[in-house]
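Below is the file query20.txt, which contains compact mmCIF, C-alpha atoms.
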# COMPACT_ATOMS: atom_id res chain seq x y z
CA MET Z 217 135.83 141.18 100.60
CA ALA Z 218 136.11 144.64 99.05
CA LYS Z 219 135.17 147.58 101.26
CA LEU Z 220 133.58 150.92 100.46
CA HIS Z 221 135.38 153.96 101.87
CA VAL Z 222 134.49 157.62 102.14
CA ARG Z 223 137.79 159.41 102.72
CA ASN Z 224 138.71 163.01 103.45
CA LEU Z 225 135.13 164.25 103.14
CA ALA Z 226 135.53 167.85 104.26
CA ILE Z 227 132.59 169.19 106.24
CA SER Z 228 131.97 172.51 107.94
CA LEU Z 229 131.06 172.94 111.61
CA ASP Z 230 127.48 173.50 110.52
CA GLY Z 231 127.47 170.25 108.55
CA TYR Z 232 127.85 171.35 104.92
CA VAL Z 233 130.10 169.63 102.36
CA ALA Z 234 129.60 172.47 99.85
CA GLY Z 235 128.51 176.06 100.28
CA PRO Z 236 125.32 177.73 99.00
CA ASN Z 237 124.73 178.73 95.36
CA GLN Z 238 126.92 176.19 93.57
CA SER Z 239 127.52 176.97 89.90
CA ALA Z 240 129.89 176.16 87.05
CA ASP Z 241 132.02 179.13 88.10
CA ASN Z 242 131.82 178.23 91.76
CA PRO Z 243 131.49 174.44 91.97
CA LEU Z 244 132.02 174.31 95.74
CA GLY Z 245 129.50 177.04 96.46
CA GLU Z 246 130.07 180.24 98.39
CA GLY Z 247 132.83 179.76 100.94
CA GLY Z 248 133.27 176.15 99.86
CA THR Z 249 136.94 176.49 98.98
CA GLY Z 250 137.51 177.04 102.70
CA LEU Z 251 136.63 173.39 103.21
CA HIS Z 252 139.65 172.28 101.20
CA GLU Z 253 142.43 174.68 102.17
CA TRP Z 254 143.80 172.10 104.60
CA VAL Z 255 144.29 169.68 101.67
CA PHE Z 256 146.18 172.19 99.58
CA ALA Z 257 148.41 173.01 102.55
CA THR Z 258 149.70 169.44 102.63
CA GLN Z 259 152.71 168.17 100.75
CA THR Z 260 150.56 165.63 98.90
CA GLY Z 261 147.91 168.17 97.97
CA ARG Z 262 150.55 170.52 96.59
CA THR Z 263 152.04 167.87 94.32
CA TRP Z 264 148.66 167.61 92.55
CA PHE Z 265 149.34 171.04 91.11
CA GLY Z 266 153.03 170.48 90.55
CA ASN Z 267 154.06 172.45 93.62
CA ASP Z 268 156.81 171.66 96.11
CA GLY Z 269 156.70 172.20 99.84
CA GLY Z 270 153.66 171.89 102.01
CA GLU Z 271 153.05 170.34 105.39
CA THR Z 272 153.64 166.79 106.46
CA GLY Z 273 151.90 165.29 109.48
CA VAL Z 274 148.40 164.10 110.27
CA ASP Z 275 146.59 165.92 107.46
CA ASP Z 276 149.16 164.90 104.86
CA ASP Z 277 148.95 161.30 106.03
CA PHE Z 278 145.19 161.30 105.49
CA VAL Z 279 145.41 162.93 102.06
CA LYS Z 280 148.20 160.57 100.99
CA ALA Z 281 146.22 157.54 102.15
CA GLY Z 282 143.11 158.68 100.25
CA GLU Z 283 143.77 156.60 97.14
CA VAL Z 284 145.77 153.78 98.71
CA GLY Z 285 144.23 150.38 97.99
CA ILE Z 286 141.46 151.86 95.87
CA GLY Z 287 140.59 150.29 92.51
CA ALA Z 288 137.38 152.10 91.56
CA THR Z 289 135.50 155.29 92.48
CA ILE Z 290 131.80 156.14 92.73
CA MET Z 291 130.57 159.73 92.67
CA GLY Z 292 127.41 161.72 92.20
CA ARG Z 293 126.65 163.58 89.06
CA ASN Z 294 127.16 166.98 90.72
CA MET Z 295 130.71 166.01 91.64
CA PHE Z 296 131.30 165.25 87.97
CA GLY Z 297 129.95 168.51 86.68
CA PRO Z 298 127.60 171.48 87.00
CA ILE Z 299 125.09 170.34 84.36
CA ARG Z 300 121.67 169.35 85.73
CA GLY Z 301 118.99 167.35 83.90
CA ALA Z 302 119.60 165.83 80.47
CA TRP Z 303 123.06 166.25 78.88
CA ALA Z 304 122.81 168.81 76.06
CA ASP Z 305 125.81 167.11 74.44
CA GLU Z 306 128.78 165.06 75.55
CA GLU Z 307 131.30 167.87 75.68
CA TRP Z 308 131.55 168.03 79.49
CA LYS Z 309 134.29 165.65 80.65
CA GLY Z 310 134.53 166.50 84.33
CA TRP Z 311 136.24 169.21 86.34
CA TRP Z 312 139.71 167.66 86.11
CA GLY Z 313 140.98 168.20 82.56
CA ASP Z 314 142.27 165.47 80.23
CA ASN Z 315 143.99 163.40 82.90
CA PRO Z 316 141.70 163.09 85.94
CA PRO Z 317 143.26 162.04 89.24
CA TYR Z 318 141.40 158.71 89.49
CA HIS Z 319 143.32 156.43 87.07
CA HIS Z 320 140.67 153.70 87.31
CA ASP Z 321 137.01 153.04 86.53
CA THR Z 322 134.90 155.82 87.96
CA PHE Z 323 131.13 155.44 88.21
CA VAL Z 324 129.06 158.61 87.94
CA MET Z 325 125.52 158.15 89.27
CA THR Z 326 123.00 159.96 87.09
CA HIS Z 327 119.44 159.56 85.85
CA HIS Z 328 120.77 160.48 82.39
CA PRO Z 329 123.20 157.79 81.16
CA ARG Z 330 125.62 158.45 78.31
CA PRO Z 331 128.42 156.37 76.75
CA SER Z 332 131.45 155.53 78.87
CA LEU Z 333 134.21 158.09 78.58
CA PRO Z 334 137.83 156.89 78.57
CA MET Z 335 140.31 159.58 79.57
CA ALA Z 336 144.10 159.81 79.64
CA GLY Z 337 145.85 158.20 82.60
CA GLY Z 338 143.54 155.23 82.98
CA THR Z 339 140.38 156.93 84.25
CA THR Z 340 137.19 155.80 82.51
CA PHE Z 341 133.95 157.51 83.51
CA HIS Z 342 130.90 155.23 83.43
CA PHE Z 343 127.47 156.84 83.69
CA VAL Z 344 125.07 154.65 85.65
CA ASN Z 345 121.38 154.98 86.46
CA ASP Z 346 121.02 152.30 89.08
CA THR Z 347 120.58 151.65 92.81
CA PRO Z 348 123.49 152.17 95.20
CA GLU Z 349 123.67 148.38 95.66
CA ALA Z 350 123.93 147.74 91.90
CA VAL Z 351 126.47 150.50 91.35
CA LEU Z 352 128.60 149.22 94.20
CA LYS Z 353 128.51 145.73 92.70
CA GLN Z 354 129.81 147.04 89.38
CA ALA Z 355 132.48 149.11 91.10
CA ILE Z 356 133.66 146.14 93.17
CA GLU Z 357 134.01 144.08 90.00
CA ALA Z 358 135.93 146.88 88.29
CA ALA Z 359 138.19 147.28 91.34
CA ASP Z 360 139.36 143.71 90.81
CA GLY Z 361 140.24 142.85 94.39
CA LYS Z 362 140.94 146.37 95.60
CA ASP Z 363 138.56 148.56 97.62
CA VAL Z 364 136.14 151.16 96.31
CA ARG Z 365 136.07 154.84 97.21
CA LEU Z 366 132.88 156.87 97.37
CA GLY Z 367 133.26 160.57 96.57
CA GLY Z 368 130.57 163.21 97.04
CA GLY Z 369 128.28 164.94 97.01
CA SER Z 370 126.24 164.77 100.12
CA SER Z 371 123.20 163.16 98.55
CA VAL Z 372 125.17 160.22 97.16
CA VAL Z 373 127.02 159.72 100.45
CA ARG Z 374 123.71 159.81 102.32
CA GLN Z 375 122.13 157.22 100.03
CA PHE Z 376 124.98 154.78 100.55
CA LEU Z 377 125.04 155.41 104.31
CA GLN Z 378 121.29 154.91 104.61
CA ALA Z 379 121.66 151.62 102.74
CA GLY Z 380 124.45 150.58 105.13
CA LEU Z 381 126.85 150.12 102.22
CA VAL Z 382 129.68 152.34 103.46
CA ASP Z 383 132.28 150.45 105.50
CA GLU Z 384 134.41 153.41 106.60
CA LEU Z 385 133.35 157.07 106.70
CA HIS Z 386 136.11 159.61 107.29
CA LEU Z 387 134.99 163.18 107.87
CA ALA Z 388 137.44 166.05 107.99
CA VAL Z 389 135.67 168.58 110.21
CA VAL Z 390 136.83 172.08 109.30
CA PRO Z 391 136.22 174.89 111.82
CA ILE Z 392 134.31 177.19 109.48
CA LEU Z 393 130.62 177.97 109.00
CA LEU Z 394 129.09 177.92 105.50
CA GLY Z 395 125.57 178.89 106.54
CA GLY Z 396 123.92 176.82 103.81
CA GLY Z 397 124.60 174.52 100.88
CA GLU Z 398 124.78 170.74 100.76
CA ARG Z 399 124.13 169.42 104.25
CA LEU Z 400 125.33 165.90 104.91
CA TYR Z 401 123.37 165.04 108.04
CA ASP Z 402 119.77 165.36 106.87
CA ASP Z 403 117.83 162.16 107.47
CA LEU Z 404 120.83 160.22 108.75
CA GLY Z 405 119.62 160.14 112.35
CA THR Z 406 122.42 158.97 114.60
CA LEU Z 407 123.84 156.81 111.80
CA PRO Z 408 122.53 153.52 113.17
CA GLY Z 409 124.88 150.63 112.53
CA TYR Z 410 127.97 152.84 112.77
CA ARG Z 411 130.21 153.92 115.63
CA VAL Z 412 132.93 156.55 115.94
CA SER Z 413 136.07 154.42 115.61
CA SER Z 414 138.71 157.14 115.65
CA VAL Z 415 139.14 160.86 116.30
CA VAL Z 416 142.46 162.37 115.25
CA ARG Z 417 143.22 166.06 115.51
CA SER Z 418 145.63 168.19 113.53
CA PRO Z 419 146.28 171.89 114.07
CA ALA Z 420 143.85 172.64 111.23
CA ILE Z 421 141.01 170.16 111.53
CA THR Z 422 139.46 167.21 113.35
CA HIS Z 423 139.38 163.85 111.57
CA VAL Z 424 136.43 161.73 112.69
CA GLN Z 425 136.12 158.18 111.42
CA PHE Z 426 132.96 156.10 111.57
CA SER Z 427 133.07 152.33 111.09
CA LYS Z 428 130.35 149.72 110.95
CA ALA Z 429 129.36 148.82 114.50
CA MET C 106 132.79 197.45 129.32
CA ALA C 107 131.13 194.20 130.35
CA LYS C 108 131.20 191.38 127.79
CA LEU C 109 128.73 188.63 127.05
CA HIS C 110 130.20 185.12 126.90
CA VAL C 111 128.85 181.77 125.76
CA ARG C 112 131.14 179.19 127.33
CA ASN C 113 131.39 175.42 127.05
CA LEU C 114 128.33 175.13 124.82
CA ALA C 115 128.48 171.45 123.89
CA ILE C 116 127.35 170.70 120.36
CA SER C 117 127.23 167.48 118.36
CA LEU C 118 128.90 166.96 114.98
CA ASP C 119 125.49 167.39 113.39
CA GLY C 120 124.97 170.71 115.16
CA TYR C 121 122.59 169.91 118.01
CA VAL C 122 122.91 171.26 121.56
CA ALA C 123 120.21 168.87 122.84
CA GLY C 124 118.82 165.64 121.46
CA PRO C 125 115.31 164.94 120.17
CA ASN C 126 112.25 164.45 122.40
CA GLN C 127 113.26 166.54 125.41
CA SER C 128 111.09 165.98 128.48
CA ALA C 129 111.09 166.43 132.25
CA ASP C 130 112.58 162.94 132.57
CA ASN C 131 115.06 163.52 129.78
CA PRO C 132 115.89 167.24 129.78
CA LEU C 133 118.79 166.89 127.34
CA GLY C 134 116.79 164.81 124.86
CA GLU C 135 117.69 161.39 123.50
CA GLY C 136 121.44 160.95 123.46
CA GLY C 137 121.93 164.42 124.90
CA THR C 138 123.89 163.27 127.94
CA GLY C 139 126.61 162.23 125.49
CA LEU C 140 127.20 165.94 124.89
CA HIS C 141 128.29 166.45 128.48
CA GLU C 142 130.33 163.38 129.36
CA TRP C 143 133.53 165.29 128.71
CA VAL C 144 132.54 167.79 131.43
CA PHE C 145 131.89 165.09 134.00
CA ALA C 146 135.23 163.46 133.16
CA THR C 147 137.08 166.60 134.29
CA GLN C 148 138.29 167.27 137.81
CA THR C 149 136.16 170.42 138.01
CA GLY C 150 133.03 168.68 136.72
CA ARG C 151 133.44 165.90 139.25
CA THR C 152 133.64 168.31 142.18
CA TRP C 153 130.14 169.57 141.33
CA PHE C 154 128.84 166.24 142.52
CA GLY C 155 131.23 165.92 145.43
CA ASN C 156 133.51 163.47 143.63
CA ASP C 157 137.29 163.32 143.66
CA GLY C 158 139.55 162.47 140.74
CA GLY C 159 138.89 163.33 137.15
CA GLU C 160 141.07 164.65 134.38
CA THR C 161 143.06 167.84 134.29
CA GLY C 162 144.17 169.43 131.04
CA VAL C 163 142.49 171.36 128.25
CA ASP C 164 138.91 170.31 128.98
CA ASP C 165 139.27 170.90 132.71
CA ASP C 166 140.79 174.31 132.03
CA PHE C 167 137.75 175.29 129.96
CA VAL C 168 135.26 173.98 132.51
CA LYS C 169 137.10 175.66 135.37
CA ALA C 170 137.19 178.97 133.49
CA GLY C 171 133.46 178.82 132.74
CA GLU C 172 132.38 180.96 135.68
CA VAL C 173 135.53 183.06 136.11
CA GLY C 174 134.81 186.77 135.96
CA ILE C 175 131.07 186.21 135.55
CA GLY C 176 128.62 188.27 137.64
CA ALA C 177 125.26 187.38 136.07
CA THR C 178 123.74 184.70 133.85
CA ILE C 179 121.07 184.75 131.14
CA MET C 180 119.28 181.60 130.04
CA GLY C 181 116.24 180.48 128.13
CA ARG C 182 113.16 179.18 129.80
CA ASN C 183 113.79 175.60 128.60
CA MET C 184 117.17 175.59 130.31
CA PHE C 185 115.36 176.52 133.54
CA GLY C 186 112.75 173.81 133.30
CA PRO C 187 110.55 171.52 131.24
CA ILE C 188 107.30 173.46 131.66
CA ARG C 189 106.01 175.12 128.49
CA GLY C 190 103.39 177.85 128.27
CA ALA C 191 101.95 179.52 131.39
CA TRP C 192 103.26 178.41 134.80
CA ALA C 193 100.60 176.27 136.53
CA ASP C 194 102.11 177.35 139.87
CA GLU C 195 105.45 178.50 141.19
CA GLU C 196 106.65 175.15 142.47
CA TRP C 197 109.27 174.58 139.77
CA LYS C 198 112.55 176.10 140.93
CA GLY C 199 114.95 174.89 138.24
CA TRP C 200 116.83 171.66 137.61
CA TRP C 201 119.54 172.32 140.20
CA GLY C 202 117.96 171.83 143.66
CA ASP C 203 118.02 174.38 146.48
CA ASN C 204 121.52 175.70 145.81
CA PRO C 205 121.95 176.29 142.07
CA PRO C 206 125.51 176.59 140.73
CA TYR C 207 125.15 180.23 139.64
CA HIS C 208 125.48 182.17 142.91
CA HIS C 209 124.42 185.43 141.26
CA ASP C 210 121.47 187.05 139.50
CA THR C 211 120.22 184.74 136.77
CA PHE C 212 117.80 186.02 134.15
CA VAL C 213 115.37 183.48 132.68
CA MET C 214 113.83 184.66 129.41
CA THR C 215 110.16 183.74 129.21
CA HIS C 216 106.91 185.10 127.84
CA HIS C 217 105.36 184.22 131.22
CA PRO C 218 106.92 186.33 133.98
CA ARG C 219 106.62 185.36 137.65
CA PRO C 220 108.10 186.85 140.83
CA SER C 221 111.85 186.72 141.32
CA LEU C 222 112.99 183.60 143.13
CA PRO C 223 115.86 183.88 145.61
CA MET C 224 117.65 180.57 146.23
CA ALA C 225 120.33 179.42 148.65
CA GLY C 226 123.92 180.25 147.75
CA GLY C 227 123.25 183.66 146.22
CA THR C 228 121.40 182.69 143.04
CA THR C 229 118.26 184.71 142.35
CA PHE C 230 116.20 183.76 139.32
CA HIS C 231 114.54 186.71 137.58
CA PHE C 232 111.87 185.97 134.97
CA VAL C 233 111.99 188.48 132.15
CA ASN C 234 109.82 189.00 129.08
CA ASP C 235 111.95 191.42 127.15
CA THR C 236 114.24 191.81 124.13
CA PRO C 237 117.77 190.38 124.21
CA GLU C 238 119.11 193.96 124.33
CA ALA C 239 116.99 194.86 127.37
CA VAL C 240 117.75 191.63 129.21
CA LEU C 241 121.47 192.08 128.60
CA LYS C 242 121.25 195.60 129.98
CA GLN C 243 119.68 194.34 133.21
CA ALA C 244 122.22 191.52 133.46
CA ILE C 245 125.14 193.89 132.98
CA GLU C 246 123.80 196.10 135.78
CA ALA C 247 123.37 193.08 138.04
CA ALA C 248 126.88 191.85 137.21
CA ASP C 249 128.24 195.06 138.72
CA GLY C 250 131.43 195.36 136.69
CA LYS C 251 131.87 191.67 135.94
CA ASP C 252 130.97 189.96 132.66
CA VAL C 253 127.74 188.15 131.79
CA ARG C 254 127.39 184.52 130.73
CA LEU C 255 124.73 183.35 128.33
CA GLY C 256 123.57 179.76 128.82
CA GLY C 257 121.31 177.84 126.44
CA GLY C 258 119.27 176.70 124.81
CA SER C 259 119.89 177.10 121.16
CA SER C 260 117.08 179.54 120.47
CA VAL C 261 118.29 182.02 123.07
CA VAL C 262 121.90 181.75 121.90
CA ARG C 263 120.74 182.28 118.31
CA GLN C 264 118.75 185.39 119.22
CA PHE C 265 121.73 186.98 120.94
CA LEU C 266 124.10 186.03 118.12
CA GLN C 267 121.74 187.39 115.48
CA ALA C 268 121.57 190.66 117.41
CA GLY C 269 125.39 190.74 117.57
CA LEU C 270 125.28 190.88 121.37
CA VAL C 271 127.58 187.93 122.10
CA ASP C 272 131.23 188.93 122.47
CA GLU C 273 132.75 185.45 122.77
CA LEU C 274 131.18 182.17 121.68
CA HIS C 275 132.92 178.99 122.79
CA LEU C 276 131.62 175.75 121.29
CA ALA C 277 132.75 172.36 122.54
CA VAL C 278 132.32 170.17 119.48
CA VAL C 279 131.68 166.59 120.59
CA PRO C 280 132.22 163.78 118.03
CA ILE C 281 128.75 162.24 118.31
CA LEU C 282 125.63 162.46 116.17
CA LEU C 283 122.25 163.20 117.77
CA GLY C 284 120.19 163.02 114.59
CA GLY C 285 117.73 165.70 115.72
CA GLY C 286 116.84 168.02 118.58
CA GLU C 287 117.82 171.63 119.16
CA ARG C 288 119.98 172.74 116.26
CA LEU C 289 122.13 175.78 116.88
CA TYR C 290 123.01 176.81 113.34
CA ASP C 291 119.59 177.48 111.80
CA ASP C 292 119.39 180.98 110.38
CA LEU C 293 122.85 181.99 111.58
CA GLY C 294 124.38 182.04 108.11
CA THR C 295 128.14 182.27 108.38
CA LEU C 296 127.82 184.26 111.60
CA PRO C 297 128.61 187.62 110.03
CA GLY C 298 130.56 189.89 112.33
CA TYR C 299 132.38 186.99 113.98
CA ARG C 300 135.60 185.12 113.21
CA VAL C 301 137.10 181.90 114.54
CA SER C 302 139.61 183.21 117.04
CA SER C 303 140.86 179.93 118.49
CA VAL C 304 140.69 176.18 117.95
CA VAL C 305 141.99 174.00 120.77
CA ARG C 306 141.77 170.21 120.72
CA SER C 307 141.69 167.78 123.60
CA PRO C 308 141.60 164.00 123.28
CA ALA C 309 137.82 164.16 123.74
CA ILE C 310 136.60 167.22 121.87
CA THR C 311 137.41 170.27 119.76
CA HIS C 312 137.00 173.68 121.36
CA VAL C 313 136.18 176.36 118.78
CA GLN C 314 135.98 179.98 119.85
CA PHE C 315 134.34 182.75 117.86
CA SER C 316 135.03 186.40 118.64
CA LYS C 317 133.65 189.60 117.21
CA ALA C 318 135.48 190.35 113.96
What do you get writing this file as structure tokens?
Amino acid sequence: MAKLHVRNLAISLDGYVAGPNQSADNPLGEGGTGLHEWVFATQTGRTWFGNDGGETGVDDDFVKAGEVGIGATIMGRNMFGPIRGAWADEEWKGWWGDNPPYHHDTFVMTHHPRPSLPMAGGTTFHFVNDTPEAVLKQAIEAADGKDVRLGGGSSVVRQFLQAGLVDELHLAVVPILLGGGERLYDDLGTLPGYRVSSVVRSPAITHVQFSKA
Amino acid sequence: MAKLHVRNLAISLDGYVAGPNQSADNPLGEGGTGLHEWVFATQTGRTWFGNDGGETGVDDDFVKAGEVGIGATIMGRNMFGPIRGAWADEEWKGWWGDNPPYHHDTFVMTHHPRPSLPMAGGTTFHFVNDTPEAVLKQAIEAADGKDVRLGGGSSVVRQFLQAGLVDELHLAVVPILLGGGERLYDDLGTLPGYRVSSVVRSPAITHVQFSKA
């Protein structure tokens, strides 16, 4: 039975997964890059940009494990791009250049569908206007026996959590304050149906994992 | 120069220092006791209730250091008791019984002053309707060369932080969700004027300290 994983979701002490005033020039919002510095300090994170070096250890283990066993990805439209509302054209192909780091079917949830977009390296973006349940079903089929990973942003993660569809939620709690932006915890209550299954600390951050109770 | 310290302020992952629906029977709100279990697991926390045993280590060190060098305490009215609005009488003498654990002048901020209340063990509660600046001034005088500790709740801590009066803020981040209650981070922005000066992790929690930048 395929599982749905949220992995390495970086969140500030005040509960934001992106800072205030997100824009095309500043997709993570003000201060938002501070959420991800721990990733780019790891050996695995550095290889993404063709760099050597970097830290091994707890954080690197989590980053390295992020894509292991994953056969499809689901993300929100704001994680795909900065354009809101109807697509003016189909020029925007994501933040990641010609060869996005997914290498499998990737489902972008949007109220404005457009044709599927095959990219180099095996990533195909599918634009779906459907319920979390229906999107997950498609992603599980595309994953062909592997698990599915759910990216951000906060509103998509919340929808899947509220529907009880996430099997494993891994938060990387970063000791910074963003003061505003995309807050994960609104309307999640105490996350009924989930329990904290693991807390692992590195020098930089605290990894908290929630599993279905 | 006397400093103002917030120490061992337990806060949930979702940013609450007390759970929802606080009442006289449930002063910490629903789930709020989960914020403090780490304290009562320490050797120092257990001695408060006349118990032996308990853990030593990082958490115990923080709990033990909580009152060191402190000569006066400031707290909000809700930390003193569950009564809101005008005092019906002067029967309520705090949550702590006849011998409160302060043993020095303790300033309770309230819009409804009442006569000072001397207790056994050296604690005297003073009820003050004044600005954070003015209350701090009185507390520093009372502390007589020692530092001042600021207790909760969240609204009092926020007021002092917003006024830049807190010198050291120590949060004990507990990996639980409360889903509502007293949220610390509202209207604090990124806490301008402060920086994260230390992050120390125990098996149970993450201690994050902010100092003036």
Which residues of range 122-217 of chain C come within 12 Å of range 299-306 of chain C, and what is each one's closest atom pair and distance in Å (one decimal), counting all atoms listed in the file, sorted by chain and residue number, as a Markdown table?
| residue | atom | partner | partner_atom | distance |
| --- | --- | --- | --- | --- |
| C:Gly162 | CA | C:Arg306 | CA | 10.6 |
| C:Val163 | CA | C:Arg306 | CA | 7.7 |
| C:Asp164 | CA | C:Arg306 | CA | 8.7 |
| C:Asp166 | CA | C:Val305 | CA | 11.3 |
| C:Phe167 | CA | C:Val305 | CA | 10.2 |
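For the pair CA of Ile299 in chain Z and CA of Ala359 in chain Z, the interatomic distance is 27.4 Å.
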- For Trp153 in chain C, which residue out of C:Thr211, C:Ala191, C:Gln243, C:Pro206 is the nearest one, using only C-alpha atoms? C:Pro206
Which residues of chain C come within 9 Å of chain Z, and what is each one's closest atom pair and distance in Å (one decimal), counting only C-alpha atoms, sorted by chain and residue number, as a tab-separated table?
residue	atom	partner	partner_atom	distance
C:Leu118	CA	Z:Leu229	CA	7.2
C:Asp119	CA	Z:Gly231	CA	6.0
C:Gly120	CA	Z:Asp230	CA	6.0
C:Val278	CA	Z:Leu229	CA	8.4
C:Pro280	CA	Z:Val424	CA	7.1
C:Ile281	CA	Z:Val412	CA	7.4
C:Leu282	CA	Z:Thr406	CA	5.0
C:Leu283	CA	Z:Thr406	CA	5.3
C:Gly284	CA	Z:Gly405	CA	3.7
C:Gly285	CA	Z:Gly405	CA	6.8
C:Leu289	CA	Z:Asp230	CA	8.6
C:Tyr290	CA	Z:Asp230	CA	6.2
C:Asp291	CA	Z:Gly395	CA	8.1
C:Asp292	CA	Z:Gly395	CA	7.6
C:Leu293	CA	Z:Gly395	CA	6.5
C:Gly294	CA	Z:Gly395	CA	3.7
C:Thr295	CA	Z:Gly395	CA	4.6
C:Leu296	CA	Z:Leu393	CA	7.4
C:Arg300	CA	Z:Ile392	CA	8.9
C:Val301	CA	Z:Ile392	CA	7.5
C:Val304	CA	Z:Pro391	CA	7.7
C:Val305	CA	Z:Pro419	CA	8.2
C:Arg306	CA	Z:Arg417	CA	6.8
C:Ser307	CA	Z:Arg417	CA	8.4
C:Pro308	CA	Z:Val415	CA	8.0
C:Ala309	CA	Z:Val415	CA	8.2
C:Ile310	CA	Z:Val415	CA	8.8
C:Thr311	CA	Z:Thr422	CA	7.4
C:Val313	CA	Z:Pro391	CA	7.1
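Going from CA of Leu222 in chain C over to CA of Met180 in chain C, you cover 14.7 Å.
Between CA of Gly266 in chain Z and CA of Ala226 in chain Z lies a distance of 22.4 Å.
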- Compute the distance from (119.6, 168.4, 124.2) to each atom, counting only C-alpha atoms, keep the residues with any atom at most 10 Å away, and return them as a VMD selection string; use the coordinates of the file. chain C and resid 115 to 117 121 to 128 131 to 141 184 257 to 259 283 285 to 288
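With all atoms listed in the file as the atoms that count, the residue of C:Pro220, C:Gly190, C:Gly174, C:Gly159 with the shortest distance to His110 in chain C is C:Gly174.
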- Counting only C-alpha atoms, what is within 8 Å of Pro218 in chain C, bar same-chain residues fewer than 2 positions away, as number ranges by chain? C: 215-216, 220, 232-234
- Message: I'd like to know which of C:Leu109, C:Arg219, C:Glu142, C:Gly158 is closest to Leu241 in chain C, using all atoms listed in the file.
- Response: C:Leu109
- Selection near Asp165 in chain C, 7 Å with all atoms listed in the file, sequence-local residues under 3 positions removed, as a count of residues only: 8
